[in-house]
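Participant: PDB, C-alpha atoms, saved as upload39.pdb, coming up:
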ATOM      1  CA  MET A   1      98.694  79.983  91.604
ATOM      2  CA  THR A   2      95.682  81.654  90.058
ATOM      3  CA  ILE A   3      93.169  83.082  92.502
ATOM      4  CA  PRO A   4      89.734  83.927  91.076
ATOM      5  CA  VAL A   5      89.053  87.670  90.775
ATOM      6  CA  GLU A   6      86.021  87.598  93.073
ATOM      7  CA  ILE A   7      88.163  86.015  95.813
ATOM      8  CA  ARG A   8      91.162  88.297  95.152
ATOM      9  CA  LYS A   9      89.048  91.459  95.533
ATOM     10  CA  LYS A  10      87.775  90.646  99.028
ATOM     11  CA  PRO A  11      91.157  91.035 100.805
ATOM     12  CA  GLY A  12      92.220  93.742  98.328
ATOM     13  CA  LEU A  13      94.793  91.635  96.495
ATOM     14  CA  LYS A  14      96.302  92.811  93.225
ATOM     15  CA  ASP A  15      98.309  90.948  90.588
ATOM     16  CA  GLY A  16     101.749  90.188  91.970
ATOM     17  CA  ASP A  17     100.848  90.562  95.668
ATOM     18  CA  LYS A  18     102.336  87.961  97.953
ATOM     19  CA  VAL A  19      99.933  85.903 100.009
ATOM     20  CA  VAL A  20     100.191  83.527 102.924
ATOM     21  CA  PHE A  21      97.944  80.700 103.959
ATOM     22  CA  ILE A  22      97.392  80.427 107.692
ATOM     23  CA  GLU A  23      95.288  78.136 109.812
ATOM     24  CA  LYS A  24      92.689  79.736 112.073
ATOM     25  CA  ARG A  25      90.460  77.506 114.173
ATOM     26  CA  GLY A  26      90.791  74.637 111.735
ATOM     27  CA  ASP A  27      90.154  76.738 108.608
ATOM     28  CA  ILE A  28      92.773  77.708 106.035
ATOM     29  CA  VAL A  29      92.750  81.471 105.464
ATOM     30  CA  LEU A  30      94.355  83.410 102.598
ATOM     31  CA  MET A  31      95.928  86.722 103.671
ATOM     32  CA  ASN A  32      97.930  89.463 102.041
ATOM     33  CA  SER A  33     101.444  88.945 103.464
ATOM     34  CA  ASN A  34     101.967  92.697 103.973
ATOM     35  CA  ARG A  35      98.800  92.942 106.029
ATOM     36  CA  LEU A  36      99.802  89.959 108.143
ATOM     37  CA  ALA A  37     103.255  91.459 108.760
ATOM     38  CA  PHE A  38     101.677  94.790 109.770
ATOM     39  CA  GLU A  39      99.276  93.068 112.186
ATOM     40  CA  GLU A  40     102.183  91.182 113.779
ATOM     41  CA  PHE A  41     104.138  94.440 114.069
ATOM     42  CA  GLN A  42     101.164  96.097 115.789
ATOM     43  CA  ARG A  43     100.931  93.221 118.296
ATOM     44  CA  ASP A  44     104.676  93.381 118.974
ATOM     45  CA  MET A  45     104.531  97.140 119.555
ATOM     46  CA  ALA A  46     101.457  97.089 121.807
ATOM     47  CA  GLY A  47     102.193  99.009 124.999
ATOM     48  CA  GLU A  48     105.526 100.414 123.815
ATOM     49  CA  ALA A  49     104.201 103.985 123.469
ATOM     50  CA  GLU A  50     103.129 103.993 127.104
ATOM     51  CA  LYS A  51     106.525 102.638 128.174
ATOM     52  CA  ALA A  52     108.202 105.473 126.250
ATOM     53  CA  GLY A  53     105.943 108.056 127.909
ATOM     54  CA  LEU A  54     104.016 108.880 124.746
ATOM     55  CA  GLU A  55     100.500 109.776 125.833
ATOM     56  CA  SER A  56      99.005 111.439 122.753
ATOM     57  CA  GLU A  57      99.252 111.569 118.981
ATOM     58  CA  GLN A  58     101.004 114.907 119.379
ATOM     59  CA  ASP A  59     103.686 113.243 121.534
ATOM     60  CA  VAL A  60     104.278 110.730 118.741
ATOM     61  CA  ALA A  61     104.355 113.472 116.070
ATOM     62  CA  ASP A  62     106.856 115.471 118.142
ATOM     63  CA  LEU A  63     109.083 112.414 118.571
ATOM     64  CA  VAL A  64     108.994 111.664 114.833
ATOM     65  CA  LYS A  65     109.874 115.293 114.061
ATOM     66  CA  LYS A  66     112.783 115.159 116.512
ATOM     67  CA  ILE A  67     114.119 111.889 115.051
ATOM     68  CA  ARG A  68     113.817 113.187 111.489
ATOM     69  CA  GLY A  69     115.720 116.331 112.501
ATOM     70  CA  THR A  70     118.478 114.258 114.076
ATOM     71  CA  MET A  71     118.714 112.047 110.977
ATOM     72  CA  TRP A  72     118.792 115.111 108.682
ATOM     73  CA  GLU A  73     121.585 116.706 110.721
ATOM     74  CA  ALA A  74     123.592 113.470 110.621
ATOM     75  CA  GLN A  75     123.432 113.464 106.817
ATOM     76  CA  LEU A  76     124.741 117.031 106.633
ATOM     77  CA  VAL A  77     127.833 116.297 108.709
TER
END
Here is the file; what I need is its structure written in the form of C-alpha coordinates.
Facilitator:
Amino acid sequence: MTIPVEIRKKPGLKDGDKVVFIEKRGDIVLMNSNRLAFEEFQRDMAGEAEKAGLESEQDVADLVKKIRGTMWEAQLV
(Lines of atoms letter the chains of each structure in order from A and count residues from 1; the text may use other names and numbers.)
(Lines give C-alpha, C1' and ligand atoms only; values in the text may rest on other atoms or scores of the structure.)
Protein backbone atom coordinates (compact mmCIF):
# COMPACT_ATOMS: atom_id res chain seq x y z
CA MET A 1 0.00 0.00 0.00
CA THR A 2 1.36 3.42 -0.84
CA ILE A 3 0.85 6.08 1.80
CA PRO A 4 1.34 9.69 0.67
CA VAL A 5 4.52 11.32 2.02
CA GLU A 6 2.66 14.11 3.84
CA ILE A 7 0.62 11.48 5.73
CA ARG A 8 3.63 9.21 6.35
CA LYS A 9 5.64 12.04 7.96
CA LYS A 10 3.06 12.87 10.63
CA PRO A 11 3.46 9.61 12.62
CA GLY A 12 7.16 9.42 11.69
CA LEU A 13 6.82 6.49 9.29
CA LYS A 14 9.67 5.52 6.99
CA ASP A 15 9.76 3.25 3.94
CA GLY A 16 9.37 -0.34 5.07
CA ASP A 17 7.81 0.42 8.48
CA LYS A 18 4.93 -1.81 9.47
CA VAL A 19 1.64 -0.13 10.22
CA VAL A 20 -1.64 -1.15 11.79
CA PHE A 21 -5.09 0.23 11.30
CA ILE A 22 -7.14 0.49 14.48
CA GLU A 23 -10.58 1.82 15.21
CA LYS A 24 -10.88 4.61 17.76
CA ARG A 25 -14.30 6.07 18.49
CA GLY A 26 -15.59 5.15 15.06
CA ASP A 27 -12.55 6.48 13.16
CA ILE A 28 -9.90 4.34 11.47
CA VAL A 29 -6.42 5.36 12.63
CA LEU A 30 -3.07 4.47 11.05
CA MET A 31 -0.31 3.74 13.59
CA ASN A 32 3.28 2.61 13.49
CA SER A 33 3.09 -1.00 14.76
CA ASN A 34 6.21 -0.56 16.92
CA ARG A 35 4.70 2.44 18.65
CA LEU A 36 1.45 0.59 19.28
CA ALA A 37 3.34 -2.39 20.74
CA PHE A 38 5.35 -0.06 23.01
CA GLU A 39 2.18 1.68 24.24
CA GLU A 40 0.59 -1.70 25.02
CA PHE A 41 3.75 -2.76 26.86
CA GLN A 42 3.65 0.44 28.93
CA ARG A 43 0.00 -0.21 29.88
CA ASP A 44 0.79 -3.82 30.81
CA MET A 45 3.72 -2.75 32.99
CA ALA A 46 1.89 0.08 34.77
CA GLY A 47 2.29 -0.31 38.52
CA GLU A 48 4.88 -3.10 38.32
CA ALA A 49 7.76 -0.88 39.51
CA GLU A 50 5.87 -0.04 42.68
CA LYS A 51 5.09 -3.73 43.27
CA ALA A 52 8.81 -4.51 42.93
CA GLY A 53 9.71 -1.76 45.40
CA LEU A 54 11.34 0.49 42.81
CA GLU A 55 10.73 4.05 43.94
CA SER A 56 13.15 6.09 41.83
CA GLU A 57 15.01 6.09 38.54
CA GLN A 58 18.14 5.24 40.50
CA ASP A 59 16.43 2.10 41.86
CA VAL A 60 15.67 1.04 38.29
CA ALA A 61 19.24 1.82 37.13
CA ASP A 62 20.66 -0.20 40.04
CA LEU A 63 18.42 -3.16 39.21
CA VAL A 64 19.42 -3.06 35.54
CA LYS A 65 23.10 -2.93 36.52
CA LYS A 66 22.63 -5.91 38.85
CA ILE A 67 20.82 -7.96 36.18
CA ARG A 68 23.44 -7.14 33.56
CA GLY A 69 26.17 -8.22 35.99
CA THR A 70 24.39 -11.50 36.66
CA MET A 71 23.94 -12.13 32.93
CA TRP A 72 27.61 -11.29 32.24
CA GLU A 73 28.78 -13.68 34.96
CA ALA A 74 26.56 -16.45 33.57
CA GLN A 75 28.21 -16.09 30.16
CA LEU A 76 31.69 -16.42 31.67
CA VAL A 77 30.91 -19.71 33.41
Participant: Counting all atoms listed in the file, what is within 12 Å of A:Ile3, bar same-chain residues fewer than 3 positions away, as a PyMOL selection string?
Facilitator: chain A and resi 6-11+13-19+30
Participant: Using atom CA of A:Phe21 and atom CA of A:Gly47 as the two end points, give the distance in Å to one decimal.
Facilitator: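 Interatomic distance, atom CA of A:Phe21 to atom CA of A:Gly47: 28.2 Å.
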Participant: Work out where the centre of an axis-aligned box around every listed atom of stretch 56-69 of chain A lies and how long its edges are once 8 Å is added on each side; give both in Å to one decimal as lines of an AutoDock Vina configuration file.
Facilitator:
center_x = 107.4
center_y = 113.5
center_z = 117.1
size_x = 32.7
size_y = 21.6
size_z = 27.3
Participant: Evaluating the PyMOL selection byres ((chain A and resi 34-41) around 9) on the displayed file yields which residues, as a VMD selection string?
Facilitator: chain A and resid 17 to 20 31 to 33 42 to 46
Participant: What is the atom CA of A:Ala52-atom CA of A:Met71 distance in Å, reported with one decimal?
Facilitator: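 Computing the Euclidean distance for atom CA of A:Ala52 and atom CA of A:Met71 yields 19.7 Å.
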Participant: Could you work out how far atom CA of A:Asp62 lies from atom CA of A:Glu50, giving the answer in Å with one decimal?
Facilitator: 15.0 Å
